[in-house]
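Source file run-v4.cif; content: mmCIF, C-alpha atoms.
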data_input
loop_
_atom_site.label_atom_id
_atom_site.label_comp_id
_atom_site.auth_asym_id
_atom_site.auth_seq_id
_atom_site.Cartn_x
_atom_site.Cartn_y
_atom_site.Cartn_z
CA ASP A 1 -28.04 17.28 13.06
CA GLU A 2 -26.93 19.73 10.42
CA LEU A 3 -24.56 22.64 9.95
CA ASP A 4 -25.76 25.91 8.49
CA GLY A 5 -23.45 26.46 5.53
CA ASP A 6 -24.38 30.13 5.15
CA LYS A 7 -23.25 30.73 8.71
CA TYR A 8 -19.80 29.15 8.64
CA GLU A 9 -18.58 29.18 5.03
CA ASP A 10 -16.26 31.96 3.75
CA ASN A 11 -15.95 33.66 7.15
CA ARG A 12 -12.17 33.46 7.75
CA LEU A 13 -12.72 31.31 10.81
CA VAL A 14 -9.48 30.41 12.58
CA GLY A 15 -8.43 27.78 15.10
CA THR A 16 -8.88 24.03 15.02
CA LEU A 17 -11.96 21.95 14.37
CA PRO A 18 -13.73 20.83 17.59
CA TRP A 19 -13.87 17.19 16.60
CA GLU A 20 -15.23 16.00 19.97
CA ASP A 21 -18.19 18.36 19.68
CA LEU A 22 -18.78 17.54 16.03
CA THR A 23 -19.24 13.84 16.77
CA ILE A 24 -22.79 14.57 17.98
CA LEU A 25 -23.58 15.21 14.30
CA THR A 26 -22.74 11.73 13.11
CA SER A 27 -25.94 11.47 11.06
CA LEU A 28 -24.71 14.23 8.74
CA GLU A 29 -24.79 13.47 5.03
CA GLU A 30 -23.10 16.69 3.92
CA PHE A 31 -20.17 18.32 5.69
CA GLY A 32 -19.33 21.43 3.71
CA ALA A 33 -20.17 24.36 5.91
CA ILE A 34 -16.61 25.24 6.92
CA ARG A 35 -14.79 25.38 3.58
CA ASN A 36 -13.01 28.57 2.57
CA ASN A 37 -11.84 29.57 6.03
CA LYS A 38 -8.49 29.56 7.86
CA LEU A 39 -8.99 26.51 10.03
CA SER A 40 -5.86 24.64 11.07
CA GLY A 41 -5.00 21.40 12.81
CA THR A 42 -5.44 17.88 11.49
CA ILE A 43 -8.28 15.72 10.24
CA ASP A 44 -9.14 13.65 13.28
CA PRO A 45 -9.62 9.85 13.00
CA SER A 46 -13.07 10.37 14.56
CA ILE A 47 -14.16 11.44 11.06
CA SER A 48 -14.96 7.74 10.62
CA LEU A 49 -17.97 8.18 12.92
CA PHE A 50 -19.81 10.11 10.20
CA THR A 51 -21.01 6.90 8.62
CA ASN A 52 -23.75 8.53 6.49
CA LEU A 53 -21.50 11.16 4.98
CA ARG A 54 -21.84 11.62 1.20
CA ILE A 55 -20.13 14.98 0.75
CA LEU A 56 -17.04 16.26 2.57
CA TYR A 57 -15.79 19.73 1.68
CA LEU A 58 -12.76 20.88 3.69
CA GLN A 59 -10.90 22.72 0.94
CA TYR A 60 -9.40 26.21 1.23
CA ASN A 61 -8.29 25.93 4.85
CA ASP A 62 -4.93 25.43 6.57
CA LEU A 63 -5.33 21.80 7.59
CA SER A 64 -2.09 19.88 8.03
CA GLY A 65 -0.84 16.41 8.83
CA SER A 66 -1.70 13.25 6.94
CA ILE A 67 -5.06 12.07 5.67
CA PRO A 68 -6.14 9.50 8.28
CA ASP A 69 -6.91 5.99 7.09
CA GLU A 70 -10.16 6.20 9.03
CA LEU A 71 -11.51 8.68 6.51
CA PHE A 72 -11.45 5.93 3.89
CA ASP A 73 -13.89 3.89 5.98
CA LEU A 74 -16.63 6.29 4.81
CA SER A 75 -17.84 4.08 2.00
CA THR A 76 -20.86 6.32 1.37
CA LEU A 77 -18.70 9.26 0.26
CA GLU A 78 -19.47 10.62 -3.19
CA ILE A 79 -17.49 13.87 -3.03
CA LEU A 80 -14.18 14.30 -1.17
CA ALA A 81 -12.68 17.77 -1.50
CA LEU A 82 -9.51 18.41 0.52
CA GLY A 83 -7.72 20.72 -1.89
CA ARG A 84 -5.74 23.85 -0.98
CA ASN A 85 -4.63 22.80 2.48
CA ASP A 86 -1.23 21.71 3.81
CA LEU A 87 -1.88 17.98 3.96
CA GLU A 88 1.20 15.81 3.64
CA GLY A 89 2.32 12.21 3.52
CA SER A 90 1.25 9.55 1.06
CA VAL A 91 -2.19 8.68 -0.25
CA SER A 92 -3.22 5.45 1.47
CA THR A 93 -4.10 2.34 -0.48
CA SER A 94 -7.29 2.36 1.59
CA ILE A 95 -8.65 5.03 -0.75
CA GLY A 96 -9.86 2.14 -2.90
CA GLN A 97 -12.61 1.53 -0.32
CA LEU A 98 -14.47 4.67 -1.47
CA SER A 99 -16.34 2.80 -4.17
CA ASN A 100 -19.09 5.43 -4.50
CA LEU A 101 -16.72 8.35 -5.02
CA VAL A 102 -17.59 10.59 -7.97
CA GLU A 103 -15.34 13.59 -7.25
CA LEU A 104 -11.89 13.56 -5.64
CA GLY A 105 -9.93 16.77 -5.13
CA LEU A 106 -6.55 16.57 -3.36
CA ASN A 107 -4.91 19.38 -5.29
CA PHE A 108 -2.61 22.05 -3.81
CA ASN A 109 -1.29 20.04 -0.86
CA ILE A 110 2.12 18.52 -0.06
CA LEU A 111 1.29 14.87 -0.77
CA THR A 112 4.23 12.66 -1.70
CA GLY A 113 4.95 9.15 -2.92
CA ILE A 114 3.05 7.25 -5.56
CA ILE A 115 -0.60 7.25 -6.56
CA PRO A 116 -1.90 3.97 -5.10
CA GLU A 117 -3.08 1.38 -7.62
CA THR A 118 -6.30 1.04 -5.64
CA LEU A 119 -7.35 4.51 -6.80
CA TYR A 120 -8.05 2.99 -10.21
CA ASP A 121 -10.69 0.78 -8.58
CA LEU A 122 -12.86 3.90 -8.17
CA THR A 123 -14.67 3.41 -11.44
CA SER A 124 -17.45 5.89 -10.61
CA LEU A 125 -15.02 8.80 -10.62
CA LYS A 126 -15.91 11.70 -12.91
CA TYR A 127 -13.56 14.33 -11.47
CA LEU A 128 -9.98 13.68 -10.30
CA SER A 129 -7.55 16.46 -9.41
CA LEU A 130 -4.17 15.67 -7.84
CA SER A 131 -2.46 18.79 -9.16
CA TYR A 132 0.32 20.68 -7.40
CA ASN A 133 1.52 18.02 -5.01
CA MET A 134 4.78 16.06 -5.00
CA LEU A 135 3.48 12.78 -6.38
CA SER A 136 6.15 10.95 -8.33
CA SER A 137 4.43 7.90 -9.76
CA SER A 138 3.71 7.09 -13.37
CA ILE A 139 0.31 6.84 -15.05
CA PRO A 140 -0.40 3.10 -15.25
CA THR A 141 -2.42 1.31 -17.88
CA GLU A 142 -5.14 0.90 -15.25
CA ILE A 143 -6.11 4.53 -15.90
CA GLY A 144 -8.23 3.04 -18.68
CA LEU A 145 -10.55 1.54 -16.05
CA LEU A 146 -11.86 5.00 -15.10
CA THR A 147 -14.24 5.10 -18.03
CA ASN A 148 -16.58 7.66 -16.41
CA LEU A 149 -13.80 10.21 -15.94
CA GLU A 150 -14.53 13.68 -17.33
CA HIS A 151 -11.76 15.73 -15.68
CA LEU A 152 -8.21 14.54 -14.94
CA SER A 153 -5.62 17.03 -13.70
CA LEU A 154 -2.09 16.11 -12.60
CA ILE A 155 -0.40 19.50 -13.10
CA GLY A 156 2.83 20.29 -11.30
CA ASN A 157 3.78 16.86 -9.97
CA PRO A 158 7.28 15.38 -10.53
CA MET A 159 5.82 12.52 -12.56
CA THR A 160 7.93 10.78 -15.18
CA SER A 161 6.28 8.26 -17.45
CA SER A 162 4.92 7.68 -20.90
CA LEU A 163 1.33 8.55 -21.68
CA PRO A 164 -0.45 5.18 -21.79
CA THR A 165 -2.56 4.49 -24.84
CA GLU A 166 -5.35 3.43 -22.45
CA ILE A 167 -6.07 7.16 -22.00
CA GLY A 168 -7.95 6.69 -25.27
CA LEU A 169 -10.50 4.53 -23.43
CA LEU A 170 -11.69 7.53 -21.40
CA THR A 171 -14.31 8.58 -23.90
CA GLN A 172 -16.07 10.94 -21.46
CA LEU A 173 -12.99 13.13 -20.95
CA SER A 174 -13.43 16.85 -21.48
CA ARG A 175 -10.24 17.95 -19.68
CA LEU A 176 -6.86 16.25 -19.37
CA ASP A 177 -4.03 18.35 -17.99
CA PHE A 178 -0.52 17.38 -16.90
CA ARG A 179 1.44 20.53 -17.61
CA SER A 180 4.65 20.98 -15.59
CA THR A 181 5.28 17.25 -15.35
CA ASP A 182 7.74 15.02 -17.23
CA ILE A 183 5.05 12.83 -18.76
CA THR A 184 5.85 12.04 -22.38
CA GLY A 185 4.26 10.08 -25.17
CA THR A 186 1.92 10.24 -28.13
CA ILE A 187 -1.62 11.53 -28.13
CA PRO A 188 -3.80 8.45 -28.64
CA LYS A 189 -5.90 8.47 -31.78
CA ASP A 190 -9.08 7.90 -29.76
CA VAL A 191 -8.39 10.99 -27.63
CA CYS A 192 -7.78 13.10 -30.71
CA ALA A 193 -11.16 12.06 -32.05
CA LEU A 194 -13.14 13.10 -28.96
CA LYS A 195 -15.35 16.02 -29.94
CA SER A 196 -15.93 17.14 -26.35
CA PHE A 197 -12.25 17.06 -25.44
CA ASP A 198 -10.33 20.29 -24.84
CA LEU A 199 -6.93 19.54 -26.38
CA LYS A 200 -5.21 22.82 -25.48
CA ASN A 201 -3.53 21.67 -22.27
CA LEU A 202 -2.43 18.41 -23.87
CA CYS A 203 -1.29 19.73 -27.24
CA CYS A 204 0.77 22.65 -26.02
CA ASN A 205 3.22 20.42 -24.19
CA ASP A 206 6.59 19.97 -25.90
CA LYS A 207 6.99 16.50 -24.36
CA ILE A 208 3.93 15.16 -26.17
CA VAL A 209 4.10 13.85 -29.73
CA ASP A 210 1.18 14.63 -32.03
CA GLU A 211 1.27 11.87 -34.62
CA GLU A 212 -2.41 12.33 -35.42
CA THR A 213 -1.90 16.05 -36.30
CA CYS A 214 -4.88 17.07 -34.23
CA CYS A 215 -3.17 19.90 -32.38
CA SER A 216 -2.46 22.58 -34.95
CA GLU A 217 -5.47 24.80 -34.32
CA GLU A 218 -5.42 24.40 -30.56
CA CYS A 219 -1.80 25.47 -30.18
CA GLN A 220 -2.31 28.43 -32.46
CA GLU A 221 -5.08 29.61 -30.16
CA VAL A 222 -2.83 29.38 -27.10
CA GLU A 223 -0.04 31.30 -28.77
#

Using structure tokens, write down the structure from this file.
Amino acid sequence: DELDGDKYEDNRLVGTLPWEDLTILTSLEEFGAIRNNKLSGTIDPSISLFTNLRILYLQYNDLSGSIPDELFDLSTLEILALGRNDLEGSVSTSIGQLSNLVELGLNFNILTGIIPETLYDLTSLKYLSLSYNMLSSSIPTEIGLLTNLEHLSLIGNPMTSSLPTEIGLLTQLSRLDFRSTDITGTIPKDVCALKSFDLKNLCCNDKIVDEETCCSEECQEVE
């Protein structure tokens, strides 16, 4: 009941996933052997049968359609990587069921609508990338609940909001990036004080106000 990752990964495989055949592997804990190929088709609702799954890597393929709600029944998931596909539609509120999730990558898709409030219930998250989609919501104050977050990337979404001061509660952050959005605001004092925080992508944004004067050196480096 396992897939040999060395056999199927990075091999430019084409066609659709044989979901009916894969269901015999429902005891799998890691499903990552087919990333970095050219597989097309949709993510089948039968994904919910993989009830022991902790890691799901399907990035760097040509998967399309929406993310099925059934995927969010996999409460054991710790890593969900669906980036660099052609997935579309909205992100379901059911994502809040993934209470053990540590890494979430949905970047480089065609996702639309708002970021569901239930996403901020995922307090174990350390890595969150929603970059290069068409998400139009604001960053709510609930972002401050994700206190384990180390990486937050929202680049290239048509988001318009102020930067909430609750960002300053994310004391584990080492990367915060929302270039090519319309997010505005002031860099919170607590963020400025974080020694592990890479300010470059935040400072060199003409929509962000630097009242704490913590950006001078970082922007000089970028220039």

Kindly give the distance, in Å, that separates atom CA of Gly156 of chain A and atom CA of Asp210 of chain A, rounded to a single decimal. 21.6 Å

Apply the PyMOL selection byres ((chain A and resi 123-140) around 7) to the file shown and report the selected residues as a ChimeraX atom specification. /A:100-115,120-122,141-143,145-161,163-164

Expansion of the PyMOL selection byres ((chain A and resi 185) around 8) into residues, as a ChimeraX atom specification: /A:162-164,183-184,186-187,207-209

A:Asp44, A:Asp182, A:Asp69, A:Asp62: which is nearest Gly89 of chain A, counting only C-alpha atoms?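 Closest to Gly89 of chain A of all the choices is A:Asp69.
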
Find the residues near Ser27 of chain A: any atom within 8 Å, counting all atoms listed in the file, skip ones fewer than 6 places away on the same chain, and give them as a ChimeraX atom specification. /A:1,50-53

Suppose a student applies the PyMOL selection byres ((chain A and resi 16) around 6) to this structure; what residues should they get, written as an NGL selection string? :A and (15 or 17 or 39-41)

Can I get the selected residues back with C-alpha atoms, as a PDB file, keeping the file's coordinate frame?
ATOM      1  CA  GLY A  15      -8.430  27.780  15.100  1.00  0.00           C
ATOM      2  CA  LEU A  17     -11.960  21.950  14.370  1.00  0.00           C
ATOM      3  CA  LEU A  39      -8.990  26.510  10.030  1.00  0.00           C
ATOM      4  CA  SER A  40      -5.860  24.640  11.070  1.00  0.00           C
ATOM      5  CA  GLY A  41      -5.000  21.400  12.810  1.00  0.00           C
TER       6      GLY A  41
END

Rounded to one decimal in Å, what is the spacing between atom CA of Gly96 of chain A and atom CA of Ser174 of chain A?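 It comes out at 24.0 Å.
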
Rounded to one decimal in Å, what is the spacing between atom CA of Phe31 of chain A and atom CA of Ser94 of chain A?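 According to the coordinates, atom CA of Phe31 of chain A and atom CA of Ser94 of chain A are separated by 20.9 Å.
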
Exercise: Ser64 of chain A partners within 7 Å, only C-alpha atoms, chain neighbours under 6 positions left out, as a list in words: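 The filter keeps Ser40, Gly41, Thr42, Asn85, Asp86, Leu87 and Glu88 of chain A.
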
Residues within 9 Å of Asn205 of chain A, please, as a list in words. Count only C-alpha atoms; anything in the same chain fewer than 6 positions from it doesn't count.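 Final neighbour list, sorted by chain and number: Phe178, Arg179, Ser180 and Thr184 of chain A.
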
In terms of the shortest atom-to-atom distance over all atoms listed in the file, which of A:Gly83, A:Pro116, A:Pro188, A:Gly144 is closest to Leu63 of chain A?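 Under the stated criterion, the closest residue is A:Gly83.
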
Please determine, counting only C-alpha atoms, which residue among A:Glu211, A:Tyr60, A:Leu77, A:Glu20 has the shortest atom-to-atom distance to Ser99 of chain A.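 Looking only at the distances to Ser99 of chain A, the closest residue turns out to be A:Leu77.
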
Which one is closest to Asp177 of chain A: A:Ile24, A:Leu202, A:Ile95, A:Ile43? Count all atoms listed in the file.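 Between A:Ile24, A:Leu202, A:Ile95, A:Ile43, the residue approaching Asp177 of chain A most closely is A:Leu202.
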
Would you be able to write out as a PyMOL selection string which residues have an atom within 6 Å of (-11.5, 18.4, 2.5) in the file's coordinates, counting all atoms listed in the file? chain A and resi 56-59+81-82
